[in-house]
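Remarks on the structure that follows.
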Amino acid sequence: MRPTLSCALLVLLASPAFPQQSPSSPDFLTGLSDFRTLREMLPNYLNQKAFALLDARRDTVSRISTLDDVARRRALLRERLTRALGGLPAERTPLNPRTVATLDRDGYRIEKVIFESQPRFYVTANLYLPKSGRGPYPAILFPLGHEAGAKSHHAWQSVLVTAAKRGYVALAWDPVGQGERVQLFDPDLGESKVIRSTTEHTVLGIQCLLAGDNIARYTIWDGLRALDYLLSRPEVDPKRVACTGNSGGGTHTAYLSALDDRIQVAAPSCYITSWRRLLLSIGPQDAEQCLPPFIADGLDHADFIYAFAPKPYLMLTAIRDFFSISGARETYQEVQRVYDSLGAAEKMKMVEADDGHGYTLPRRQAAYQWFARWLKNSDDTEPEVPVTPEPEEILNATPTGQVATSLGGETVHSLNLQRVRHLRPRPNPRELPSQVRELLHYAPSQARLTVRPFGTITRSGYRIEKLVYEPEPGIVIPSLLFLPDRPGRLPAILYVHGRGKSAEAAPGGQLEQLTLAGNVVLAPDLRGFGETRITSLEAGNDFPRFFGDYHSAMKGLLIGKSLVAMRAEDIARGLDLLAARPEVDPDRIDGVGRDLAAVPLLHAAVLDPRLKRLTLEDMLISYQSVVAVKIHRNIFENVVQGALRSYDLPDLAAALSPRPVTLVNLLDPQGRPVPQSRAKQTYLSANVK
């Protein structure tokens, strides 16, 4: 039997599972044959909201033409980007750098370096130094992309070795989650607990979002401290510093160049495009490449360049890249106009190579020429000499090849947990609803609710009306309304399930039991559930397993509205539907939420007193539990950015008092039932059964 906090749990919810018919069986089709794109509804809706925000931004930036305009845009980007990060660390603590070994090579040498970007947060790096010419030399800060091998990747070594041979000091460091800095290291496996570095970034990124931060807070700070280290070297001329990298390294080239005036030349590769084209193609990338609420803040990729203008900026692009070349071209046209107006047209350039994603030879050659022009006042058209890559173990700075096993220290997880402990509030239950409303940007439509019928199913003792309602333009909610064969105005239950309205709609299921007990029951497919859920999964991608509908959840955060908020508004409009039915007593409406739908229902109940009682089943026990463990699954759709700065789920339950809440089978962040004793302790202050 499932663990529950109630000894007197409703028999209807404790009954054993019954055989279920497929949601696609004729008995459960809602008749929405005219809604052929129902599964694309949510992505299309989110895109249209984003496009409206991007259109407004386009009108704003079209007026940029002077250095003062650019300075204001730079200040805006830096303020909003820093806020999205949750702020950067206030103190530049000692780097405590040490060179652990040196590799002497023909024409250059490599120092294997370890420094601390934050106390005991170790960064492993390789510093490439020329052996010819006279210093101080120009320098290249080289953030890395997501390719295997981190700083040992062959393309990166081609750039770094060539740069050193041509008289540059170049620094590359392992990003979090890659190379020697695996954050979710499994000592038994000897590798990360997850398949991809981008998955690791996003597992940690979700924990940071709950704290009101972004994982890029850590990756950007690593880059800024790497620049501190680079400029501390006597071999480096601090007035001649460039930044370049590919993919995730292109992302961080854009970030670092926009934030730090010490960088004089920038050349991101295979990153700069536009959010409109991203949303129309591959969608949001992993957590450190998304800075919610970036689009709602009126920002786009071009703003990284405005923050750097009018210094030399080279966009390195690939015609066949998965980062849209159309978006890159449009962004280039936008910023080139501004560079022209500033009299700096020659400092803005875009190079297109007819190839795919990667720091390939055409882009590398263009970068060498760009750096020579602006850092050396010379022309460099010399062909790149092939580089024989060093093996990964040769470039490692730690004895075991992992910080986790050689040095220990802090991780993003441990640092974020410390932040949460310092931030954790003691919310006032009376003030909490207004805080939740503000954080969610909760504003259900007040317009007349549109409801469309799609037929009726008759069963023994009750009937089911198939219908849709429209909580707002662009969204339809397929629903089943169960009506018992009883006279008078009856109590009602709004029943929301993460697997959709059909999950318990079969004969003998929970919805039938609740109906035969004398309740009118409305079972809607909240947006993104049931018939409206995206079903296609990318082959070989482990994101769906860990993050569910990642794209919709991230798009929502980028436009300033979480899926929790949107689904809570769907619930509010479902309550409007029930309250307007002549069969329903509007003063006796309860809520049942299961699976992924339980968290939105809990939020909705705090904001809507029409829900008199709640039963929450298979719900995440708390947001705090997510940041307390290293790994979690299927949490992202229920993330409210910055929630732990104001409240946790038990606080919401407590704020409902004296309305009762029944909790059934609470789950830990991995989706496993938690012991009743732990559940009771967690919800001690709430009026729960």
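Convention: chains lettered A, B, ... in structure tokens order; per-chain residue numbering from 1; ligands numbered from 1 as shown.
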Segment 475-490 of chain A surroundings by only C-alpha atoms, 6 Å radius, close-in-sequence under 3 positions cut, as a ChimeraX atom specification
/A:461-470,472,515,520-525,583-585
Set the distance at 6 Å and use only C-alpha atoms: which residues neighbour segment 64-67 of chain A once local chain neighbours fewer than 3 positions away are removed? I'd like the list as a list in words.
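Listing them by chain and then by number gives Val61, Val70, Val338 and Ser341 of chain A.
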Grab the residues selected above and save them as a PDB file, in the first residue's frame with N, CA and C atoms.
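And here's part31.pdb as it stands now:
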```pdb
ATOM      1  N   VAL A  61      15.685  48.535 -30.190  1.00  0.00           N
ATOM      2  CA  VAL A  61      17.087  48.614 -30.610  1.00  0.00           C
ATOM      3  C   VAL A  61      17.243  49.292 -31.959  1.00  0.00           C
ATOM      4  N   VAL A  70      24.713  53.011 -27.146  1.00  0.00           N
ATOM      5  CA  VAL A  70      25.393  51.738 -26.938  1.00  0.00           C
ATOM      6  C   VAL A  70      25.753  51.565 -25.470  1.00  0.00           C
ATOM      7  N   VAL A 338      24.642  49.373 -36.440  1.00  0.00           N
ATOM      8  CA  VAL A 338      25.096  50.180 -35.316  1.00  0.00           C
ATOM      9  C   VAL A 338      26.586  50.478 -35.438  1.00  0.00           C
ATOM     10  N   SER A 341      27.000  53.184 -37.849  1.00  0.00           N
ATOM     11  CA  SER A 341      26.615  54.502 -37.322  1.00  0.00           C
ATOM     12  C   SER A 341      27.657  55.058 -36.365  1.00  0.00           C
TER      13      SER A 341
END
```
Do a neighbour search on Arg80 of chain A at 9 Å with only C-alpha atoms, toss out local chain neighbours closer than 6 positions, and write the hits as a list in words.
Pro293, Phe294, Asp297 and Leu299 of chain A
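Atom CA of Ala366 of chain A sits 11.1 Å away from atom CA of Asp379 of chain A.
Among A:Gln183, A:Thr331, A:Gln336, A:Thr273, the residue with the shortest atom-to-atom distance to Tyr122 of chain A, counting only C-alpha atoms, is A:Gln183.
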What's around His413 of chain A at 9 Å? Count only C-alpha atoms, leave out sequence neighbours fewer than 3 positions away in its own chain, and write the answer as a PyMOL selection string.
chain A and resi 183-184+204+207-208+410+416-418+627-630
From the set A:Gln157, A:Ile571, A:Ser152, A:Asp104, which residue has the shortest atom-to-atom contact distance to Lys131 of chain A, counting only C-alpha atoms?
A:Asp104
Please provide as a compact mmCIF listing (two decimals) with N, CA and C atoms, in the first residue's frame all residues within 12 Å of segment 316-325 of chain A, with the sequence filter that same-chain residues fewer than 5 positions apart are discarded (counting only C-alpha atoms).
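out-v4.txt was written with the following content:
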```txt
# COMPACT_ATOMS: atom_id res chain seq x y z
N THR A 244 38.02 33.83 -27.55
CA THR A 244 37.37 33.05 -28.59
C THR A 244 37.11 31.64 -28.09
N GLY A 245 36.07 31.02 -28.62
CA GLY A 245 35.73 29.64 -28.30
C GLY A 245 34.60 29.19 -29.20
N ASN A 246 34.34 27.91 -29.24
CA ASN A 246 33.34 27.34 -30.14
C ASN A 246 32.19 26.72 -29.36
N SER A 247 30.97 26.85 -29.88
CA SER A 247 29.79 26.23 -29.30
C SER A 247 29.58 26.75 -27.88
N GLY A 248 29.66 25.88 -26.86
CA GLY A 248 29.58 26.38 -25.48
C GLY A 248 30.69 27.37 -25.19
N GLY A 250 31.79 29.39 -27.55
CA GLY A 250 31.28 30.60 -28.19
C GLY A 250 30.29 31.31 -27.30
N THR A 251 29.45 30.53 -26.62
CA THR A 251 28.52 31.11 -25.65
C THR A 251 29.27 31.93 -24.61
N THR A 253 32.34 33.02 -24.76
CA THR A 253 33.00 34.18 -25.37
C THR A 253 32.04 35.36 -25.40
N ALA A 254 30.80 35.11 -25.79
CA ALA A 254 29.80 36.18 -25.81
C ALA A 254 29.56 36.73 -24.41
N ALA A 266 36.91 40.05 -29.68
CA ALA A 266 36.07 38.87 -29.44
C ALA A 266 35.80 38.15 -30.75
N ALA A 267 35.75 36.81 -30.68
CA ALA A 267 35.47 36.00 -31.87
C ALA A 267 34.75 34.72 -31.49
N PRO A 268 33.46 34.80 -31.14
CA PRO A 268 32.72 33.56 -30.83
C PRO A 268 32.47 32.75 -32.09
N SER A 269 32.62 31.44 -31.98
CA SER A 269 32.40 30.53 -33.10
C SER A 269 31.19 29.64 -32.83
N CYS A 270 30.35 29.49 -33.86
CA CYS A 270 29.20 28.56 -33.80
C CYS A 270 28.35 28.78 -32.56
N TYR A 271 27.95 30.03 -32.34
CA TYR A 271 27.02 30.32 -31.26
C TYR A 271 26.06 31.43 -31.64
N ILE A 272 26.58 32.60 -32.01
CA ILE A 272 25.71 33.76 -32.23
C ILE A 272 24.71 33.45 -33.34
N THR A 273 23.43 33.55 -32.99
CA THR A 273 22.34 33.43 -33.96
C THR A 273 21.25 34.40 -33.48
N SER A 274 20.04 33.97 -33.31
CA SER A 274 19.00 34.81 -32.69
C SER A 274 18.01 33.90 -31.99
N TRP A 275 17.35 34.43 -30.98
CA TRP A 275 16.40 33.59 -30.25
C TRP A 275 15.19 33.23 -31.11
N ARG A 276 14.79 34.10 -32.01
CA ARG A 276 13.66 33.75 -32.88
C ARG A 276 14.00 32.50 -33.69
N ARG A 277 15.19 32.47 -34.29
CA ARG A 277 15.58 31.33 -35.10
C ARG A 277 15.86 30.09 -34.25
N LEU A 278 16.38 30.29 -33.05
CA LEU A 278 16.57 29.15 -32.15
C LEU A 278 15.23 28.48 -31.84
N LEU A 279 14.23 29.31 -31.53
CA LEU A 279 12.92 28.76 -31.17
C LEU A 279 12.26 28.06 -32.35
N LEU A 280 12.57 28.51 -33.55
CA LEU A 280 11.99 27.89 -34.74
C LEU A 280 12.77 26.67 -35.21
N SER A 281 13.92 26.40 -34.58
CA SER A 281 14.74 25.27 -35.02
C SER A 281 15.02 24.33 -33.85
N ILE A 282 16.20 24.41 -33.25
CA ILE A 282 16.60 23.42 -32.25
C ILE A 282 16.06 23.71 -30.85
N GLY A 283 15.57 24.91 -30.62
CA GLY A 283 15.04 25.25 -29.31
C GLY A 283 16.13 25.58 -28.31
N PRO A 284 15.75 25.79 -27.05
CA PRO A 284 16.73 26.16 -26.02
C PRO A 284 17.77 25.06 -25.82
N GLN A 285 19.00 25.48 -25.59
CA GLN A 285 20.08 24.54 -25.32
C GLN A 285 20.18 24.31 -23.80
N HIS A 301 20.60 37.76 -28.79
CA HIS A 301 22.04 37.53 -28.99
C HIS A 301 22.77 38.81 -29.37
N GLU A 330 20.87 37.59 -39.66
CA GLU A 330 19.99 38.68 -39.22
C GLU A 330 20.61 39.47 -38.07
N THR A 331 21.25 38.76 -37.14
CA THR A 331 21.91 39.46 -36.04
C THR A 331 23.07 40.31 -36.56
N TYR A 332 23.83 39.76 -37.50
CA TYR A 332 24.93 40.53 -38.08
C TYR A 332 24.42 41.82 -38.73
N MET A 348 33.44 45.22 -37.18
CA MET A 348 32.39 44.20 -37.09
C MET A 348 32.42 43.36 -38.35
N LYS A 349 32.60 42.04 -38.18
CA LYS A 349 32.73 41.17 -39.34
C LYS A 349 32.08 39.81 -39.06
N MET A 350 31.57 39.22 -40.12
CA MET A 350 31.02 37.86 -40.02
C MET A 350 31.66 37.00 -41.09
N VAL A 351 32.14 35.83 -40.70
CA VAL A 351 32.72 34.86 -41.63
C VAL A 351 31.82 33.63 -41.66
N GLU A 352 31.41 33.22 -42.86
CA GLU A 352 30.61 32.01 -43.05
C GLU A 352 31.47 30.93 -43.70
N ALA A 353 31.49 29.76 -43.11
CA ALA A 353 32.15 28.61 -43.73
C ALA A 353 31.09 27.60 -44.14
N ASP A 354 31.27 27.02 -45.30
CA ASP A 354 30.29 26.05 -45.80
C ASP A 354 30.59 24.67 -45.21
N ASP A 355 30.37 24.57 -43.90
CA ASP A 355 30.57 23.30 -43.20
C ASP A 355 29.63 23.26 -42.01
N GLY A 356 29.89 22.33 -41.09
CA GLY A 356 29.00 22.15 -39.95
C GLY A 356 29.60 22.67 -38.66
N HIS A 357 28.99 22.26 -37.56
CA HIS A 357 29.34 22.74 -36.23
C HIS A 357 30.76 22.34 -35.84
N GLY A 358 31.52 23.28 -35.30
CA GLY A 358 32.87 22.97 -34.84
C GLY A 358 33.82 24.12 -35.16
N TYR A 359 34.95 24.14 -34.47
CA TYR A 359 35.96 25.15 -34.74
C TYR A 359 36.86 24.59 -35.85
N THR A 360 36.31 24.56 -37.06
CA THR A 360 37.00 23.94 -38.18
C THR A 360 38.03 24.89 -38.77
N LEU A 361 38.83 24.37 -39.68
CA LEU A 361 39.96 25.12 -40.22
C LEU A 361 39.58 26.47 -40.81
N PRO A 362 38.49 26.59 -41.61
CA PRO A 362 38.18 27.92 -42.16
C PRO A 362 37.95 28.97 -41.07
N ARG A 363 37.29 28.58 -39.99
CA ARG A 363 37.05 29.54 -38.91
C ARG A 363 38.34 29.82 -38.14
N ARG A 364 39.16 28.81 -37.97
CA ARG A 364 40.43 29.03 -37.27
C ARG A 364 41.31 30.01 -38.05
N GLN A 365 41.38 29.83 -39.36
CA GLN A 365 42.20 30.74 -40.17
C GLN A 365 41.67 32.17 -40.09
N ALA A 366 40.35 32.31 -40.11
CA ALA A 366 39.76 33.65 -40.00
C ALA A 366 40.08 34.28 -38.65
N ALA A 367 40.08 33.46 -37.60
CA ALA A 367 40.39 33.98 -36.26
C ALA A 367 41.84 34.44 -36.17
N TYR A 368 42.77 33.66 -36.72
CA TYR A 368 44.19 34.06 -36.67
C TYR A 368 44.38 35.42 -37.36
N TRP A 370 42.10 37.77 -37.82
CA TRP A 370 41.42 38.82 -37.03
C TRP A 370 42.27 39.23 -35.84
```
Name all residues at most 9 Å from Val403 of chain A (count only C-alpha atoms; drop same-chain ones fewer than 6 positions away) and give them as a PDB file with N, CA and C atoms, in the first residue's frame.
```pdb
ATOM      1  N   TYR A 122      38.119  24.110  -7.477  1.00  0.00           N
ATOM      2  CA  TYR A 122      39.354  23.988  -8.244  1.00  0.00           C
ATOM      3  C   TYR A 122      39.080  23.989  -9.750  1.00  0.00           C
ATOM      4  N   VAL A 123      39.929  24.721 -10.460  1.00  0.00           N
ATOM      5  CA  VAL A 123      39.848  24.814 -11.920  1.00  0.00           C
ATOM      6  C   VAL A 123      41.140  24.267 -12.506  1.00  0.00           C
ATOM      7  N   THR A 124      41.027  23.298 -13.396  1.00  0.00           N
ATOM      8  CA  THR A 124      42.193  22.724 -14.067  1.00  0.00           C
ATOM      9  C   THR A 124      42.353  23.375 -15.437  1.00  0.00           C
ATOM     10  N   GLU A 180      38.545  17.288 -16.299  1.00  0.00           N
ATOM     11  CA  GLU A 180      38.905  16.914 -14.929  1.00  0.00           C
ATOM     12  C   GLU A 180      37.921  17.452 -13.898  1.00  0.00           C
ATOM     13  N   ARG A 181      36.844  18.100 -14.360  1.00  0.00           N
ATOM     14  CA  ARG A 181      35.942  18.769 -13.416  1.00  0.00           C
ATOM     15  C   ARG A 181      34.531  18.198 -13.473  1.00  0.00           C
ATOM     16  N   VAL A 182      34.400  16.899 -13.641  1.00  0.00           N
ATOM     17  CA  VAL A 182      33.084  16.268 -13.549  1.00  0.00           C
ATOM     18  C   VAL A 182      32.504  16.562 -12.172  1.00  0.00           C
ATOM     19  N   GLN A 183      31.297  17.102 -12.143  1.00  0.00           N
ATOM     20  CA  GLN A 183      30.667  17.509 -10.889  1.00  0.00           C
ATOM     21  C   GLN A 183      29.859  16.381 -10.254  1.00  0.00           C
ATOM     22  N   ALA A 397      45.938  17.973 -15.173  1.00  0.00           N
ATOM     23  CA  ALA A 397      46.696  18.650 -14.118  1.00  0.00           C
ATOM     24  C   ALA A 397      46.600  17.920 -12.783  1.00  0.00           C
ATOM     25  N   GLY A 409      37.207  19.162  -2.548  1.00  0.00           N
ATOM     26  CA  GLY A 409      36.794  20.559  -2.626  1.00  0.00           C
ATOM     27  C   GLY A 409      35.321  20.715  -2.909  1.00  0.00           C
TER      28      GLY A 409
END
```
Where does segment 568-616 of chain A meet segment 636-656 of chain A within 9 Å, residue by residue, with the nearest atom pair and distance in Å to one decimal for each, counting only C-alpha atoms, listed by chain and rising number, as JSON lines?
```
{"residue": "A:Leu596", "atom": "CA", "partner": "A:Asn638", "partner_atom": "CA", "distance": 7.1}
{"residue": "A:Ala597", "atom": "CA", "partner": "A:Asn638", "partner_atom": "CA", "distance": 8.6}
{"residue": "A:Val599", "atom": "CA", "partner": "A:Asn638", "partner_atom": "CA", "distance": 6.5}
{"residue": "A:Pro600", "atom": "CA", "partner": "A:Asn638", "partner_atom": "CA", "distance": 7.4}
{"residue": "A:Leu602", "atom": "CA", "partner": "A:Leu652", "partner_atom": "CA", "distance": 7.0}
{"residue": "A:His603", "atom": "CA", "partner": "A:Leu652", "partner_atom": "CA", "distance": 7.0}
{"residue": "A:Ala605", "atom": "CA", "partner": "A:Leu656", "partner_atom": "CA", "distance": 7.4}
{"residue": "A:Val606", "atom": "CA", "partner": "A:Leu656", "partner_atom": "CA", "distance": 6.0}
{"residue": "A:Pro609", "atom": "CA", "partner": "A:Leu656", "partner_atom": "CA", "distance": 8.7}
{"residue": "A:Arg613", "atom": "CA", "partner": "A:Leu656", "partner_atom": "CA", "distance": 9.0}
```
Identify, with DSSP run on backbone atoms, the residues in segment 219-383 of chain A assigned to strand (DSSP E or B), and express the list as number ranges by chain.
A: 236-246, 265-269, 313-318, 348-353
Just how far from atom CA of Gly167 of chain A is atom CA of Pro130 of chain A, in Å to one decimal?
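Pair atom CA of Pro130 of chain A / atom CA of Gly167 of chain A returns 5.5 Å.
Residue neighbourhood of Ala90 of chain A, excluding near-sequence residues (fewer than 2 positions): Thr82, Gly86, Gly87, Leu88, Arg92, Thr93, Gln118, Arg217 and Trp221 of chain A, at 12 Å, using only C-alpha atoms.
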According to DSSP computed on the backbone, where in segment 76-287 of chain A is there helix (DSSP H, G or I)? Give the residues as a count of residues only.
75
